[in-house]
file coords.tsv (TSV, C-alpha atoms and all ligand atoms)
chain	number	residue	atom	x	y	z
A	1	MET	CA	-8.23	22.50	-2.10
A	2	ILE	CA	-10.95	19.88	-2.59
A	3	ARG	CA	-14.71	20.18	-2.63
A	4	PHE	CA	-17.53	17.67	-2.84
A	5	ASP	CA	-20.88	19.43	-3.19
A	6	GLN	CA	-23.97	17.23	-2.91
A	7	VAL	CA	-22.23	14.34	-4.59
A	8	SER	CA	-24.02	11.03	-5.15
A	9	TYR	CA	-22.72	7.88	-6.78
A	10	SER	CA	-24.21	4.45	-7.48
A	11	TYR	CA	-22.83	1.18	-8.84
A	12	HIS	CA	-25.46	-0.36	-11.12
A	13	GLN	CA	-28.33	1.53	-9.47
A	14	THR	CA	-27.10	0.66	-5.96
A	15	PRO	CA	-26.41	3.95	-4.13
A	16	VAL	CA	-22.99	4.07	-2.50
A	17	LEU	CA	-22.46	7.77	-1.79
A	18	ASN	CA	-25.50	9.79	-0.78
A	19	ASN	CA	-25.47	13.51	-1.37
A	20	ILE	CA	-22.05	14.10	0.18
A	21	THR	CA	-20.75	17.56	0.94
A	22	LEU	CA	-17.15	17.76	2.09
A	23	HIS	CA	-14.64	20.59	1.87
A	24	GLU	CA	-10.97	20.53	2.83
A	25	ASN	CA	-9.53	23.99	2.26
A	26	GLU	CA	-6.12	23.77	3.91
A	27	PRO	CA	-3.08	21.56	3.48
A	28	VAL	CA	-3.58	19.01	6.26
A	29	ILE	CA	-3.12	15.32	6.85
A	30	SER	CA	-6.65	14.01	6.97
A	31	ALA	CA	-7.67	10.45	7.86
A	32	ILE	CA	-10.73	8.82	6.32
A	33	TRP	CA	-12.18	6.17	8.57
A	34	GLY	CA	-15.18	3.96	7.93
A	35	ARG	CA	-16.21	0.35	8.29
A	36	ASN	CA	-15.96	-2.09	5.38
A	37	GLY	CA	-18.11	-0.96	2.49
A	38	ALA	CA	-18.67	2.55	3.89
A	39	GLY	CA	-17.63	4.11	0.57
A	40	LYS	CA	-14.03	5.27	1.24
A	41	THR	CA	-12.48	3.85	-1.94
A	42	THR	CA	-15.41	5.09	-4.01
A	43	LEU	CA	-15.00	8.61	-2.61
A	44	MET	CA	-11.25	8.59	-3.27
A	45	SER	CA	-11.61	7.28	-6.82
A	46	LEU	CA	-14.17	10.00	-7.62
A	47	LEU	CA	-11.80	12.61	-6.24
A	48	ALA	CA	-9.00	11.20	-8.37
A	49	GLY	CA	-11.22	11.52	-11.44
A	50	HIS	CA	-11.45	7.79	-12.12
A	51	ASN	CA	-15.23	7.95	-12.08
A	52	ARG	CA	-17.77	10.69	-12.58
A	53	PRO	CA	-20.44	11.41	-9.94
A	54	ASP	CA	-24.09	10.77	-10.86
A	55	ASP	CA	-25.05	14.03	-9.18
A	56	GLY	CA	-23.28	16.96	-7.60
A	57	ARG	CA	-19.92	18.56	-8.21
A	58	ILE	CA	-16.34	17.67	-7.29
A	59	GLN	CA	-13.48	20.13	-7.52
A	60	VAL	CA	-9.73	19.69	-7.11
A	61	MET	CA	-7.91	23.01	-6.92
A	62	GLY	CA	-10.92	24.57	-8.65
A	63	GLU	CA	-11.06	21.97	-11.45
A	64	ASP	CA	-13.37	19.05	-12.18
A	65	PRO	CA	-11.00	16.05	-11.83
A	66	TYR	CA	-12.81	13.78	-14.31
A	67	ASN	CA	-10.82	13.41	-17.55
A	68	ASN	CA	-9.07	16.70	-16.87
A	69	LEU	CA	-5.30	17.08	-17.09
A	70	ALA	CA	-5.42	20.48	-15.38
A	71	ALA	CA	-6.68	18.70	-12.24
A	72	GLN	CA	-4.56	15.56	-12.69
A	73	LYS	CA	-1.29	17.47	-12.40
A	74	HIS	CA	-2.24	18.29	-8.80
A	75	LEU	CA	-3.20	14.70	-7.92
A	76	CYS	CA	-1.52	11.51	-6.87
A	77	TYR	CA	-3.87	8.64	-5.99
A	78	ILE	CA	-2.32	5.44	-4.67
A	79	GLN	CA	-4.92	2.71	-4.64
A	80	GLU	CA	-4.65	-0.52	-2.72
A	81	ASN	CA	-2.98	-2.91	-5.19
A	82	HIS	CA	-2.05	0.05	-7.34
A	83	PRO	CA	-1.80	-1.00	-10.99
A	84	LEU	CA	1.88	-0.90	-11.98
A	85	GLY	CA	3.45	-2.12	-15.22
A	86	ARG	CA	4.04	-5.91	-15.21
A	87	ASN	CA	7.75	-5.60	-15.88
A	88	TRP	CA	8.39	-2.55	-13.77
A	89	THR	CA	11.32	-2.29	-11.37
A	90	MET	CA	11.84	0.47	-8.80
A	91	ASN	CA	13.90	2.28	-11.42
A	92	ASP	CA	10.85	2.31	-13.73
A	93	LEU	CA	8.58	3.43	-10.92
A	94	VAL	CA	10.87	6.37	-10.17
A	95	ARG	CA	10.99	7.32	-13.87
A	96	PHE	CA	7.18	7.18	-13.95
A	97	GLY	CA	7.03	9.41	-10.85
A	98	GLN	CA	9.41	11.95	-12.37
A	99	TYR	CA	7.43	12.01	-15.60
A	100	PHE	CA	3.92	12.32	-14.14
A	101	HIS	CA	4.45	14.43	-11.04
A	102	PRO	CA	5.81	17.92	-11.68
A	103	GLN	CA	6.88	18.36	-8.03
A	104	TRP	CA	8.52	14.92	-7.72
A	105	ASN	CA	11.31	14.76	-5.08
A	106	GLN	CA	13.99	12.44	-6.42
A	107	GLU	CA	16.34	12.67	-3.43
A	108	PHE	CA	13.51	11.73	-1.07
A	109	ALA	CA	12.43	8.80	-3.27
A	110	GLU	CA	15.98	7.41	-3.34
A	111	ARG	CA	16.35	7.75	0.41
A	112	LEU	CA	13.07	5.89	1.01
A	113	ILE	CA	14.03	3.11	-1.41
A	114	ASP	CA	17.20	2.60	0.67
A	115	GLN	CA	15.38	2.80	3.96
A	116	PHE	CA	12.70	0.29	2.91
A	117	GLU	CA	15.47	-1.91	1.46
A	118	LEU	CA	13.79	-2.27	-1.93
A	119	PRO	CA	15.95	-3.75	-4.71
A	120	SER	CA	16.14	-1.39	-7.66
A	121	LYS	CA	16.33	-3.99	-10.44
A	122	LYS	CA	13.96	-6.73	-9.28
A	123	LYS	CA	10.47	-6.72	-10.85
A	124	ILE	CA	7.93	-5.22	-8.46
A	125	VAL	CA	5.43	-8.05	-9.24
A	126	LYS	CA	7.93	-10.37	-7.55
A	127	PHE	CA	8.09	-8.26	-4.36
A	128	SER	CA	6.48	-9.49	-1.14
A	129	LYS	CA	3.14	-7.86	-0.19
A	130	GLY	CA	4.81	-5.43	2.25
A	131	MET	CA	7.51	-4.53	-0.29
A	132	LYS	CA	4.83	-3.79	-2.91
A	133	THR	CA	3.01	-1.54	-0.45
A	134	ALA	CA	6.28	0.27	0.35
A	135	ALA	CA	6.96	0.77	-3.38
A	136	GLN	CA	3.50	2.27	-3.89
A	137	MET	CA	3.87	4.54	-0.87
A	138	ILE	CA	7.20	5.83	-2.10
A	139	LEU	CA	5.44	6.85	-5.30
A	140	GLY	CA	2.79	8.67	-3.25
A	141	LEU	CA	5.11	10.37	-0.78
A	142	ALA	CA	7.77	11.45	-3.29
A	143	SER	CA	5.15	12.73	-5.77
A	144	TYR	CA	4.86	15.89	-3.65
A	145	ALA	CA	1.46	16.27	-5.36
A	146	ASP	CA	-0.78	19.00	-3.89
A	147	ILE	CA	-3.47	16.40	-3.26
A	148	THR	CA	-2.07	13.01	-2.31
A	149	ILE	CA	-4.60	10.25	-1.72
A	150	LEU	CA	-3.42	7.04	-0.06
A	151	ASP	CA	-5.79	4.07	0.26
A	152	GLU	CA	-4.80	1.82	3.19
A	153	PRO	CA	-1.12	2.81	2.98
A	154	THR	CA	0.16	0.44	5.67
A	155	ASN	CA	-1.41	-2.79	4.42
A	156	GLY	CA	1.13	-5.59	4.75
A	157	LEU	CA	3.84	-3.41	6.33
A	158	ASP	CA	5.44	-4.81	9.49
A	159	ALA	CA	5.64	-2.68	12.64
A	160	GLU	CA	9.08	-1.27	11.82
A	161	LYS	CA	8.11	-0.37	8.24
A	162	ARG	CA	4.87	1.23	9.39
A	163	LYS	CA	6.96	3.43	11.66
A	164	TYR	CA	9.20	4.35	8.71
A	165	PHE	CA	6.10	5.20	6.71
A	166	TYR	CA	4.65	7.48	9.41
A	167	ASN	CA	8.00	9.26	9.83
A	168	ALA	CA	8.35	9.68	6.06
A	169	LEU	CA	4.79	11.01	5.80
A	170	LEU	CA	5.44	13.61	8.48
A	171	GLU	CA	8.81	14.58	7.06
A	172	SER	CA	7.41	15.05	3.57
A	173	TYR	CA	4.40	16.99	4.88
A	174	GLU	CA	6.60	19.31	6.96
A	175	ASP	CA	8.97	19.85	4.05
A	176	HIS	CA	6.09	20.70	1.71
A	177	PRO	CA	2.67	21.04	3.40
A	178	ARG	CA	-0.11	19.72	1.16
A	179	LEU	CA	-3.33	17.79	1.45
A	180	PHE	CA	-2.98	14.13	2.33
A	181	LEU	CA	-6.17	12.07	2.40
A	182	ILE	CA	-5.46	8.72	3.96
A	183	SER	CA	-7.99	5.94	4.35
A	184	THR	CA	-7.23	3.54	7.13
A	185	HIS	CA	-8.68	0.89	9.39
A	186	HIS	CA	-5.68	1.42	11.73
A	187	ILE	CA	-6.70	4.77	13.09
A	188	GLU	CA	-4.84	4.47	16.42
A	189	GLU	CA	-1.44	4.51	14.80
A	190	ILE	CA	-2.01	7.32	12.35
A	191	GLN	CA	-4.17	9.63	14.44
A	192	PRO	CA	-1.26	11.45	16.13
A	193	LEU	CA	-0.18	12.69	12.68
A	194	CYS	CA	-3.62	13.83	11.50
A	195	GLU	CA	-5.25	17.20	11.95
A	196	SER	CA	-8.58	16.21	10.52
A	197	LEU	CA	-10.80	13.12	10.56
A	198	ILE	CA	-13.53	12.21	8.10
A	199	VAL	CA	-15.86	9.43	9.23
A	200	LEU	CA	-17.81	7.84	6.40
A	201	HIS	CA	-20.76	5.69	7.28
A	202	ARG	CA	-22.98	3.95	4.75
A	203	GLY	CA	-22.20	6.48	2.07
A	204	ASP	CA	-22.63	9.57	4.26
A	205	VAL	CA	-20.09	11.87	5.86
A	206	MET	CA	-21.01	11.23	9.48
A	207	TYR	CA	-18.27	13.48	10.90
A	208	HIS	CA	-15.65	15.80	9.55
A	209	GLN	CA	-13.84	17.24	12.52
A	210	GLN	CA	-10.55	18.37	13.94
A	211	MET	CA	-8.71	15.29	15.16
A	212	GLU	CA	-7.82	17.03	18.43
A	213	GLU	CA	-11.53	17.24	19.29
A	214	ILE	CA	-12.56	13.73	18.34
A	215	ARG	CA	-9.53	11.95	19.81
A	216	GLU	CA	-10.61	13.15	23.27
A	217	ARG	CA	-14.02	11.53	22.99
A	218	GLY	CA	-15.17	8.21	24.41
A	219	VAL	CA	-15.26	7.71	28.17
A	220	LEU	CA	-15.36	4.29	29.79
A	221	LEU	CA	-16.93	4.07	33.25
A	222	THR	CA	-17.01	0.94	35.38
A	223	GLY	CA	-18.64	0.33	38.76
A	224	LEU	CA	-21.75	-0.82	40.57
A	225	ILE	CA	-24.78	-0.89	38.28
A	226	SER	CA	-26.72	1.62	40.38
A	227	ASP	CA	-23.79	4.09	40.49
A	228	VAL	CA	-23.08	3.83	36.79
A	229	ASP	CA	-26.78	4.30	35.98
A	230	LEU	CA	-26.98	7.32	38.24
A	231	VAL	CA	-24.07	9.25	36.71
A	232	THR	CA	-24.86	8.34	33.09
A	233	LYS	CA	-28.54	9.29	33.22
A	234	GLY	CA	-29.26	11.45	30.18
A	235	GLU	CA	-25.86	10.68	28.59
A	236	LYS	CA	-25.47	9.06	25.18
A	237	ILE	CA	-24.36	5.50	25.95
A	238	ILE	CA	-22.71	3.87	22.96
A	239	GLU	CA	-21.71	0.56	24.56
A	240	SER	CA	-22.83	-1.25	27.67
A	241	ALA	CA	-21.92	-4.56	29.33
A	242	GLN	CA	-22.83	-6.10	32.68
A	243	LEU	CA	-21.12	-8.75	34.75
A	244	GLY	CA	-22.86	-9.64	38.04
A	245	SER	CA	-23.40	-6.37	39.89
A	246	THR	CA	-20.81	-4.51	37.81
A	247	LYS	CA	-21.53	-2.44	34.75
A	248	LYS	CA	-19.17	-0.97	32.16
A	249	VAL	CA	-20.37	1.67	29.73
A	250	MET	CA	-18.87	3.86	27.06
A	251	ILE	CA	-20.39	7.30	26.79
A	252	ASP	CA	-20.10	9.77	23.94
A	253	ALA	CA	-18.40	12.50	25.95
A	254	SER	CA	-14.99	14.13	26.24
A	255	TYR	CA	-12.48	12.62	28.63
A	256	SER	CA	-12.44	15.71	30.83
A	257	ARG	CA	-11.45	16.78	34.32
A	258	GLU	CA	-15.16	17.03	35.09
A	259	TRP	CA	-15.80	13.36	34.24
A	260	LYS	CA	-12.76	12.29	36.28
A	261	ASP	CA	-14.16	14.18	39.29
A	262	ILE	CA	-17.63	12.67	38.83
A	263	ALA	CA	-16.15	9.16	38.58
A	264	GLN	CA	-14.05	9.66	41.69
A	265	ALA	CA	-17.00	11.04	43.66
A	266	HIS	CA	-19.07	7.92	42.86
A	267	GLY	CA	-16.31	5.34	43.25
A	268	LEU	CA	-16.24	4.49	39.53
A	269	SER	CA	-13.16	3.67	37.54
A	270	ILE	CA	-12.68	5.79	34.46
A	271	GLU	CA	-10.61	5.29	31.29
A	272	LYS	CA	-10.28	6.91	27.90
A	273	ALA	CA	-11.65	4.64	25.15
A	274	THR	CA	-9.40	4.03	22.17
A	275	LEU	CA	-10.39	6.10	19.15
A	276	GLN	CA	-10.95	2.89	17.18
A	277	ASP	CA	-13.41	1.49	19.76
A	278	TYR	CA	-15.13	4.84	20.07
A	279	LEU	CA	-15.68	5.09	16.29
A	280	VAL	CA	-16.84	1.48	16.01
A	281	ASN	CA	-19.40	1.99	18.79
A	282	LEU	CA	-20.50	5.35	17.45
A	283	THR	CA	-21.23	4.01	13.98
A	284	ARG	CA	-22.91	0.89	15.40
A	285	LYS	CA	-25.13	3.05	17.62
A	286	HIS	CA	-25.98	5.24	14.64
A	287	GLU	CA	-27.13	2.11	12.78
A	288	GLU	CA	-29.30	0.96	15.71
A	289	VAL	CA	-30.96	4.38	15.98
A	290	LYS	CA	-31.60	4.53	12.22
A	291	GLY	CA	-32.82	0.92	12.29
B	301	LIG	N1	-16.95	-1.93	-8.88
B	301	LIG	C1	-18.00	-2.07	-8.07
B	301	LIG	N2	-19.17	-2.57	-8.52
B	301	LIG	C2	-20.24	-2.70	-7.72
B	301	LIG	N3	-20.25	-2.36	-6.41
B	301	LIG	C3	-19.11	-1.87	-5.90
B	301	LIG	C4	-17.92	-1.70	-6.69
B	301	LIG	N4	-16.94	-1.18	-5.91
B	301	LIG	C5	-17.50	-1.03	-4.67
B	301	LIG	N5	-18.79	-1.44	-4.66
B	301	LIG	C6	-19.71	-1.41	-3.51
B	301	LIG	O1	-19.74	-0.08	-3.03
B	301	LIG	C7	-19.79	-0.06	-1.60
B	301	LIG	C8	-18.65	0.81	-1.09
B	301	LIG	O2	-17.42	0.19	-1.45
B	301	LIG	P1	-16.02	0.87	-1.18
B	301	LIG	O3	-14.98	-0.01	-1.75
B	301	LIG	O4	-16.07	2.29	-1.64
B	301	LIG	O5	-15.97	0.86	0.43
B	301	LIG	P2	-14.74	1.00	1.44
B	301	LIG	O6	-15.21	1.91	2.53
B	301	LIG	O7	-13.52	1.41	0.69
B	301	LIG	O8	-14.62	-0.48	1.98
B	301	LIG	P3	-13.35	-1.31	2.57
B	301	LIG	O9	-13.03	-0.70	3.90
B	301	LIG	O10	-13.91	-2.67	2.72
B	301	LIG	O11	-12.23	-1.21	1.58
B	301	LIG	C9	-19.73	-1.50	-1.15
B	301	LIG	O12	-21.07	-1.92	-0.89
B	301	LIG	C10	-19.20	-2.25	-2.35
B	301	LIG	O13	-19.73	-3.54	-2.42

call {"tool": "encode", "arguments": {"input": "coords.tsv", "output": "structure tokens", "more": "lines below"}}
Ligand SMILES: Nc1ncnc2c1ncn2[C@@H]1O[C@H](COP(=O)(O)OP(=O)(O)OP(=O)(O)O)[C@@H](O)[C@H]1O
result
Amino acid sequence: MIRFDQVSYSYHQTPVLNNITLHENEPVISAIWGRNGAGKTTLMSLLAGHNRPDDGRIQVMGEDPYNNLAAQKHLCYIQENHPLGRNWTMNDLVRFGQYFHPQWNQEFAERLIDQFELPSKKKIVKFSKGMKTAAQMILGLASYADITILDEPTNGLDAEKRKYFYNALLESYEDHPRLFLISTHHIEEIQPLCESLIVLHRGDVMYHQQMEEIRERGVLLTGLISDVDLVTKGEKIIESAQLGSTKKVMIDASYSREWKDIAQAHGLSIEKATLQDYLVNLTRKHEEVKG
């Protein structure tokens, strides 16, 4: 469905994406995670055809997305602070959606507008931050575009509205499976919905894996320093802290039956790290190793 082959991109001679290769061949919900400045927005805007790579090739449904209507008809890219007409109301936004997206689902759009309690005649520029985000997400979800790209889709949404968004995302995906690429800093909330995870780090694809594999990773062990050191010898430790005679470490391993047995045998407490903490530590460790 999408392909990046050895793609590089720089802003004014400063490299931002370095020789990226990334293929997503199936309709899945895929999360893109990375720390600030990792290159997520740049990658998404290249995919949407807003910019052209310096090197390499990008394809959307077999087409180069840059300046190409044949690719654009498959795409819906909702940026953070998506540019909308100054005088637009929700009625205008829906008309725009119907006009630009051949697979637009009007009934779904109307239902979401009701659910998010968005006034149909008020100018969107006068909406609150969360209401603006909801308006943009309705455009993305109801587009039913084959490739839907959402940049930080829950920014400014309160807990209840985020829940509405996740339910709407799942409903629309189940109704019409397609590729969703969703960049987020809030990986814990969205990970149950995602089948794939792309981790971008300093302009490189550090991981592109099945979510079910990566969500099991990150084991926290706590106990006496000597016991912790003994069982973690040879393991990849991605975080470590000591307090008196107690040590707590996070290791880059799967939270398995085997690790639970080892912990019990050595009197250590064991927990699953959150995915967010695991990814933060993993990318930090990567930086330390690379120097
Ligand atoms: N228009 C631009 N001109 C120059 N540099 C830019 C421009 N846009 C982004 N950059 C730089 O490119 C790098 C990647 O930025 P990008 O916005 O793609 O990262 P991101 O992963 O989306 O970050 P965040 O999580 O903070 O939104 C950063 O170093 C940023 O400063």

call {"tool": "residues_near_ligand", "arguments": {"input": "coords.tsv", "ligand": "ligand LIG 301 (chain B)", "cutoff": "12 Å", "atoms": "all atoms listed in the file", "output": "ChimeraX atom specification"}}
result
/A:9-18,32-46,50-51,79-81,150-153,155,182-186,198-205

call {"tool": "closest_residue", "arguments": {"input": "coords.tsv", "among": "A:Ile187, A:Ala134, A:Ile20, A:Ala70", "to": "A:His82", "atoms": "only C-alpha atoms"}}
result
A:Ala134

call {"tool": "closest_residue", "arguments": {"input": "coords.tsv", "among": "A:Ile124, A:Ala71, A:Leu193, A:Leu22", "to": "A:Asp92", "atoms": "all atoms listed in the file"}}
result
A:Ile124

call {"tool": "residues_near_point", "arguments": {"input": "coords.tsv", "point": "(6.4, 8.5, -4.6)", "cutoff": "12 Å", "atoms": "only C-alpha atoms", "output": "count of residues only"}}
result
48

call {"tool": "axis_aligned_box", "arguments": {"input": "coords.tsv", "around": "stretch 240-249 of chain A", "padding_each_side": "4 Å", "output": "AutoDock Vina command-line options"}}
result
--center_x -21.3 --center_y -4.0 --center_z 33.8 --size_x 12.2 --size_y 19.3 --size_z 20.2

call {"tool": "residues_around", "arguments": {"input": "coords.tsv", "residues": "A:Leu157", "least_positions_apart": "4", "cutoff": "8 Å", "atoms": "all atoms listed in the file", "output": "PyMOL selection string"}}
result
chain A and resi 129-131+133-134+161-162

call {"tool": "write_last_selection", "arguments": {"input": "coords.tsv", "atoms": "C-alpha atoms", "output": "mmCIF file, in the coordinates of the input"}}
result
data_model
loop_
_atom_site.group_PDB
_atom_site.id
_atom_site.type_symbol
_atom_site.label_atom_id
_atom_site.label_comp_id
_atom_site.auth_asym_id
_atom_site.auth_seq_id
_atom_site.Cartn_x
_atom_site.Cartn_y
_atom_site.Cartn_z
ATOM 1 C CA LYS A 129 3.140 -7.860 -0.190
ATOM 2 C CA GLY A 130 4.810 -5.430 2.250
ATOM 3 C CA MET A 131 7.510 -4.530 -0.290
ATOM 4 C CA THR A 133 3.010 -1.540 -0.450
ATOM 5 C CA ALA A 134 6.280 0.270 0.350
ATOM 6 C CA LYS A 161 8.110 -0.370 8.240
ATOM 7 C CA ARG A 162 4.870 1.230 9.390
#

call {"tool": "residues_around", "arguments": {"input": "coords.tsv", "residues": "A:Thr232", "least_positions_apart": "4", "cutoff": "10 Å", "atoms": "only C-alpha atoms", "output": "JSON, numbers by chain"}}
result
{"A": [221, 227, 228, 236, 237, 249, 250, 251]}

call {"tool": "closest_residue", "arguments": {"input": "coords.tsv", "among": "A:Ile225, A:Leu220, A:Lys126, A:Ile190", "to": "A:Thr154", "atoms": "all atoms listed in the file"}}
result
A:Ile190

call {"tool": "closest_residue", "arguments": {"input": "coords.tsv", "among": "A:Ala273, A:Thr246, A:Gly234, A:Ser240", "to": "A:Val219", "atoms": "only C-alpha atoms"}}
result
A:Ala273

call {"tool": "residues_around", "arguments": {"input": "coords.tsv", "residues": "A:Arg3", "least_positions_apart": "6", "cutoff": "6 Å", "atoms": "only C-alpha atoms", "output": "MDAnalysis selection string"}}
result
chainID A and resid 22:23 58:59
